[in-house]
file target_32.txt (compact mmCIF, C-alpha atoms)
# COMPACT_ATOMS: atom_id res chain seq x y z
CA MET O 1 -1.24 59.71 77.86
CA THR O 2 -1.30 57.41 80.90
CA ILE O 3 -4.35 55.77 82.45
CA ARG O 4 -3.93 53.97 85.75
CA SER O 5 -6.32 51.75 87.68
CA LEU O 6 -6.62 52.86 91.30
CA PHE O 7 -8.03 51.38 94.51
CA ALA O 8 -8.17 47.71 93.66
CA THR O 9 -10.89 45.43 95.03
CA ARG O 10 -9.50 41.94 95.54
CA LEU O 11 -11.43 38.69 95.07
CA TYR O 12 -9.54 35.49 95.91
CA GLN O 13 -10.67 32.28 94.24
CA SER O 14 -9.25 28.82 94.84
CA ALA O 15 -10.44 25.25 95.25
CA LEU O 16 -10.23 22.71 98.03
CA ASP O 17 -7.92 20.02 96.66
CA ASP O 18 -9.25 17.35 99.03
CA PRO O 19 -12.40 15.61 97.65
CA GLN O 20 -12.72 13.58 100.86
CA LEU O 21 -12.89 16.77 102.94
CA VAL O 22 -15.61 18.15 100.65
CA ALA O 23 -17.58 14.89 101.04
CA ASP O 24 -17.12 14.92 104.83
CA LEU O 25 -18.28 18.54 105.01
CA ASP O 26 -21.33 17.69 102.91
CA ARG O 27 -22.30 14.99 105.41
CA SER O 28 -21.64 17.29 108.37
CA CYS O 29 -23.83 20.04 106.96
CA HIS O 30 -26.72 17.63 106.37
CA MET O 31 -26.35 16.29 109.92
CA LEU O 32 -26.35 19.79 111.41
CA ALA O 33 -29.41 20.76 109.38
CA GLU O 34 -31.25 17.75 110.81
CA GLU O 35 -30.14 18.07 114.43
CA ASP O 36 -29.99 21.84 115.04
CA ARG O 37 -33.58 22.59 116.05
CA ALA O 38 -32.73 26.11 117.21
CA GLY O 39 -31.15 26.88 113.83
CA ARG O 40 -34.14 25.51 111.94
CA ALA O 41 -36.49 27.58 114.10
CA TRP O 42 -34.44 30.75 113.55
CA SER O 43 -34.30 30.12 109.81
CA LYS O 44 -38.07 29.68 109.66
CA ALA O 45 -38.71 32.82 111.72
CA GLN O 46 -36.42 34.84 109.41
CA GLY O 47 -38.03 33.50 106.23
CA TYR O 48 -34.81 31.73 105.22
CA ARG O 49 -35.65 29.03 102.68
CA GLY O 50 -33.62 26.21 104.12
CA TYR O 51 -31.28 26.08 107.11
CA THR O 52 -28.43 28.15 108.47
CA SER O 53 -26.49 27.73 111.71
CA TYR O 54 -25.71 31.48 111.66
CA ALA O 55 -27.66 32.33 114.83
CA SER O 56 -27.59 29.02 116.65
CA LEU O 57 -24.15 27.35 116.74
CA ASN O 58 -20.86 29.15 117.38
CA ASP O 59 -18.61 26.15 118.08
CA LEU O 60 -18.69 24.26 114.79
CA PRO O 61 -14.88 23.77 114.48
CA GLN O 62 -14.86 22.11 117.92
CA ARG O 63 -18.16 20.29 117.38
CA ASP O 64 -17.32 18.66 114.05
CA PRO O 65 -13.91 17.23 112.99
CA ALA O 66 -14.45 17.94 109.28
CA ILE O 67 -15.17 21.60 109.99
CA GLY O 68 -12.11 21.71 112.25
CA ASP O 69 -10.04 20.39 109.33
CA LEU O 70 -11.61 23.00 107.04
CA VAL O 71 -10.54 25.81 109.38
CA LYS O 72 -6.90 24.68 109.14
CA VAL O 73 -7.15 24.94 105.35
CA LEU O 74 -8.91 28.30 105.53
CA ASN O 75 -6.23 29.72 107.83
CA ARG O 76 -3.59 29.14 105.13
CA HIS O 77 -5.70 30.66 102.35
CA VAL O 78 -6.67 33.68 104.44
CA ALA O 79 -3.02 34.30 105.36
CA GLY O 80 -2.12 34.27 101.65
CA PHE O 81 -4.97 36.65 100.82
CA ALA O 82 -3.93 39.02 103.62
CA GLU O 83 -0.42 39.08 102.17
CA ASP O 84 -1.77 39.83 98.68
CA CYS O 85 -3.82 42.70 100.15
CA ALA O 86 -0.62 44.09 101.74
CA PHE O 87 -2.26 44.24 105.17
CA ASP O 88 0.08 45.49 107.91
CA LEU O 89 -0.98 43.12 110.68
CA ALA O 90 1.73 44.28 113.09
CA GLY O 91 3.05 40.75 113.59
CA ARG O 92 -0.36 39.26 114.30
CA LYS O 93 -2.54 36.95 112.20
CA LEU O 94 -6.14 37.21 111.12
CA LYS O 95 -8.23 34.93 113.31
CA LEU O 96 -11.46 33.07 112.62
CA ASP O 97 -14.31 35.02 114.20
CA SER O 98 -17.41 33.13 113.03
CA LEU O 99 -18.34 30.25 110.76
CA TRP O 100 -21.76 28.96 109.75
CA VAL O 101 -23.46 26.42 107.49
CA ASN O 102 -25.97 27.31 104.75
CA VAL O 103 -28.36 24.78 103.23
CA MET O 104 -30.54 26.65 100.73
CA LYS O 105 -33.69 25.18 99.25
CA PRO O 106 -34.91 26.03 95.73
CA GLY O 107 -36.15 29.61 95.59
CA ALA O 108 -33.80 30.80 98.33
CA THR O 109 -31.83 34.02 97.97
CA HIS O 110 -29.75 36.30 100.20
CA SER O 111 -30.08 40.04 99.64
CA GLY O 112 -27.15 42.44 99.39
CA HIS O 113 -25.11 42.84 102.57
CA ILE O 114 -21.65 43.35 104.07
CA HIS O 115 -20.01 41.70 107.11
CA PRO O 116 -19.33 44.41 109.73
CA HIS O 117 -16.55 44.07 112.33
CA SER O 118 -14.58 41.63 110.15
CA VAL O 119 -11.57 41.97 107.86
CA VAL O 120 -11.93 39.01 105.49
CA SER O 121 -15.08 37.05 104.68
CA GLY O 122 -15.61 34.07 102.43
CA THR O 123 -17.53 31.00 101.41
CA VAL O 124 -16.69 27.39 100.57
CA TYR O 125 -19.21 25.72 98.26
CA LEU O 126 -20.05 22.07 98.81
CA ALA O 127 -23.18 21.26 96.78
CA VAL O 128 -24.09 23.39 93.76
CA PRO O 129 -26.92 21.99 91.64
CA PRO O 130 -27.54 23.39 88.15
CA GLY O 131 -29.33 26.73 88.39
CA ALA O 132 -28.21 27.29 91.98
CA GLY O 133 -27.51 30.98 91.38
CA ALA O 134 -24.34 33.03 91.36
CA ILE O 135 -22.86 35.22 94.06
CA ARG O 136 -22.88 38.85 92.93
CA PHE O 137 -20.32 41.43 94.05
CA GLU O 138 -21.14 45.14 93.85
CA ASP O 139 -18.78 47.98 92.96
CA PRO O 140 -18.28 49.73 96.32
CA ARG O 141 -18.40 53.11 94.57
CA LEU O 142 -21.89 52.52 93.19
CA GLY O 143 -23.65 54.90 95.57
CA LEU O 144 -21.28 57.73 94.57
CA MET O 145 -21.68 57.47 90.81
CA MET O 146 -24.69 59.83 90.74
CA ALA O 147 -25.10 60.90 87.11
CA ALA O 148 -22.59 58.42 85.65
CA PRO O 149 -23.84 56.51 82.58
CA LEU O 150 -24.17 52.74 82.59
CA ARG O 151 -21.22 50.63 81.44
CA ARG O 152 -21.33 48.84 78.10
CA ASP O 153 -22.04 45.11 78.11
CA ASP O 154 -18.50 44.47 76.84
CA ALA O 155 -16.83 46.49 79.63
CA PRO O 156 -13.85 44.68 81.20
CA GLU O 157 -14.55 43.02 84.52
CA GLU O 158 -12.77 45.68 86.59
CA LEU O 159 -15.09 48.38 85.18
CA ARG O 160 -18.41 46.60 85.70
CA ARG O 161 -20.85 47.67 88.39
CA PHE O 162 -21.59 44.05 89.31
CA VAL O 163 -19.46 40.91 88.95
CA TYR O 164 -21.10 37.49 89.08
CA VAL O 165 -19.26 34.32 90.11
CA ASP O 166 -20.88 30.96 89.42
CA PRO O 167 -19.95 28.65 92.29
CA ALA O 168 -18.84 25.05 91.94
CA PRO O 169 -18.35 22.26 94.50
CA GLY O 170 -15.08 22.79 96.36
CA MET O 171 -14.72 26.44 95.28
CA LEU O 172 -13.36 28.86 97.88
CA LEU O 173 -13.92 32.62 97.61
CA LEU O 174 -12.40 35.29 99.87
CA TRP O 175 -13.04 39.04 99.87
CA GLU O 176 -12.64 42.02 102.16
CA SER O 177 -15.63 42.14 104.49
CA TRP O 178 -16.74 45.64 103.43
CA LEU O 179 -17.47 44.42 99.90
CA ARG O 180 -21.22 44.27 99.36
CA HIS O 181 -22.46 40.99 97.90
CA GLU O 182 -25.61 38.94 97.50
CA VAL O 183 -26.71 35.42 96.58
CA MET O 184 -28.87 35.34 93.49
CA PRO O 185 -32.10 33.27 93.56
CA HIS O 186 -31.61 29.52 93.67
CA ALA O 187 -33.46 28.17 90.64
CA GLY O 188 -32.12 24.62 90.91
CA LYS O 189 -34.03 21.56 92.06
CA ASN O 190 -31.78 20.34 94.87
CA GLU O 191 -30.17 21.94 97.91
CA ARG O 192 -27.33 24.44 97.51
CA MET O 193 -24.87 24.00 100.36
CA SER O 194 -21.98 26.13 101.58
CA VAL O 195 -19.97 27.15 104.62
CA SER O 196 -19.42 30.87 105.19
CA PHE O 197 -17.05 32.58 107.61
CA ASN O 198 -15.47 35.81 108.88
CA TYR O 199 -11.93 36.56 110.01
CA ARG O 200 -11.02 39.47 112.30
CA TRP O 201 -7.75 41.12 113.31

call {"tool": "encode", "arguments": {"input": "target_32.txt", "output": "C-alpha cells"}}
result
Amino acid sequence: MTIRSLFATRLYQSALDDPQLVADLDRSCHMLAEEDRAGRAWSKAQGYRGYTSYASLNDLPQRDPAIGDLVKVLNRHVAGFAEDCAFDLAGRKLKLDSLWVNVMKPGATHSGHIHPHSVVSGTVYLAVPPGAGAIRFEDPRLGLMMAAPLRRDDAPEELRRFVYVDPAPGMLLLWESWLRHEVMPHAGKNERMSVSFNYRW
C-alpha cells in the first residue's frame, strides 16, 4: 500500500536577523500611527481597533528608510519562497505590490480573508505582547469537505483544518495569496504591531 500527500500548501517562516532594523521599524510604525490622520480616520470608520495604513499610504518604502531597508530583505525571502514553490516566472521576479502597517489595540481582530490579485503575501511582526493572538490559516479545501468527519485532536499538522502560528517579534511569514487566513482576537494589554505586504508577478 502507498499513501501520498498531494497538493501541498506552503508556509514560509523565518526571522529578521537584524535587531536594529526591528527597532527602527517599531519606531517608524508608531510615528506613522501618530501622523497619518487619513489612516486613523479610515481605521475608525471601518471599526478597526487601532491603526492601519492600508487605505491611506502607498509609498511607505520611499517615505521611510527603515521600511525601504525592510523591502530589500523581503525581496530576498520572497525570491527564495518562489523558488521553493517551483513558480515558473518566465525570467521575471515577483515585485512588491503593496505594503502597510498594522497597530492593533487590545480586542482587535481581523476576520478570515484572502489577498486577491497577488501571488505571495506575508507579515513581519514587530511587537507581540503576551496574549496578542495567533494568525490562523485555513485548509483551502474546507468548503468542499461536505460530509467529511472532523479530524482528531492529534492529527498531524498537514491534516488539520486550521493551523495556528503564534507570532514573535522579528518573525516573518510568507504564504500564497489565495490561502485564507485570519488574525485571532488580541487579548494582550499592549499594542500588537506588524507590517503586511503583497507581491505580484

call {"tool": "closest_residue", "arguments": {"input": "target_32.txt", "among": "O:Ile114, O:Ala33, O:Met184, O:Ala134", "to": "Thr52 (chain O)", "atoms": "only C-alpha atoms"}}
result
O:Ala33

call {"tool": "atom_distance", "arguments": {"input": "target_32.txt", "atom1": "CA of Arg160 (chain O)", "atom2": "CA of Ala8 (chain O)"}}
result
13.0 Å

call {"tool": "closest_residue", "arguments": {"input": "target_32.txt", "among": "O:Tyr12, O:Trp100, O:Trp201, O:Phe7", "to": "Met171 (chain O)", "atoms": "all atoms listed in the file"}}
result
O:Tyr12

call {"tool": "residues_around", "arguments": {"input": "target_32.txt", "residues": "region 20-32 of chain O", "least_positions_apart": "2", "cutoff": "7 Å", "atoms": "all atoms listed in the file", "output": "list in words"}}
result
Asp18, Glu34, Glu35, Asp36, Ala66, Ile67, Val101, Leu126 and Gly170 of chain O

call {"tool": "closest_residue", "arguments": {"input": "target_32.txt", "among": "O:Pro156, O:Leu11, O:Val128, O:Val165", "to": "Val103 (chain O)", "atoms": "all atoms listed in the file"}}
result
O:Val128

call {"tool": "residues_around", "arguments": {"input": "target_32.txt", "residues": "Gly122 (chain O)", "least_positions_apart": "3", "cutoff": "9 Å", "atoms": "only C-alpha atoms", "output": "list in words"}}
result
Leu172, Leu173, Leu174, Trp175, Glu176, Ser177, Val195, Ser196, Phe197, Asn198 and Tyr199 of chain O

call {"tool": "residues_near_point", "arguments": {"input": "target_32.txt", "point": "(-25.7, 34.1, 96.3)", "cutoff": "10 Å", "atoms": "all atoms listed in the file", "output": "PyMOL selection string"}}
result
chain O and resi 104+108-112+132-137+164-167+181-186+192

call {"tool": "atom_distance", "arguments": {"input": "target_32.txt", "atom1": "CA of Leu142 (chain O)", "atom2": "CA of Arg161 (chain O)"}}
result
6.9 Å

call {"tool": "atom_distance", "arguments": {"input": "target_32.txt", "atom1": "CA of Ala79 (chain O)", "atom2": "CA of Ser194 (chain O)"}}
result
21.0 Å

call {"tool": "residues_around", "arguments": {"input": "target_32.txt", "residues": "Gly143 (chain O)", "least_positions_apart": "4", "cutoff": "12 Å", "atoms": "all atoms listed in the file", "output": "count of residues only"}}
result
6

call {"tool": "axis_aligned_box", "arguments": {"input": "target_32.txt", "around": "region 69-77 of chain O", "padding_each_side": "3 Å", "output": "JSON"}}
result
{"center_x": -7.6, "center_y": 25.5, "center_z": 105.9, "size_x": 14.0, "size_y": 16.3, "size_z": 13.0}

call {"tool": "closest_residue", "arguments": {"input": "target_32.txt", "among": "O:Ser5, O:Ser121, O:Asn190, O:Ser14", "to": "Val73 (chain O)", "atoms": "only C-alpha atoms"}}
result
O:Ser14

call {"tool": "closest_residue", "arguments": {"input": "target_32.txt", "among": "O:Tyr125, O:Glu157, O:Gly131, O:Pro140", "to": "Leu16 (chain O)", "atoms": "only C-alpha atoms"}}
result
O:Tyr125

call {"tool": "residues_around", "arguments": {"input": "target_32.txt", "residues": "Ala82 (chain O)", "least_positions_apart": "6", "cutoff": "9 Å", "atoms": "all atoms listed in the file", "output": "ChimeraX atom specification"}}
result
/O:88-89,93-94,120

call {"tool": "closest_residue", "arguments": {"input": "target_32.txt", "among": "O:Pro106, O:Thr2, O:Leu96, O:Pro61", "to": "Tyr48 (chain O)", "atoms": "all atoms listed in the file"}}
result
O:Pro106
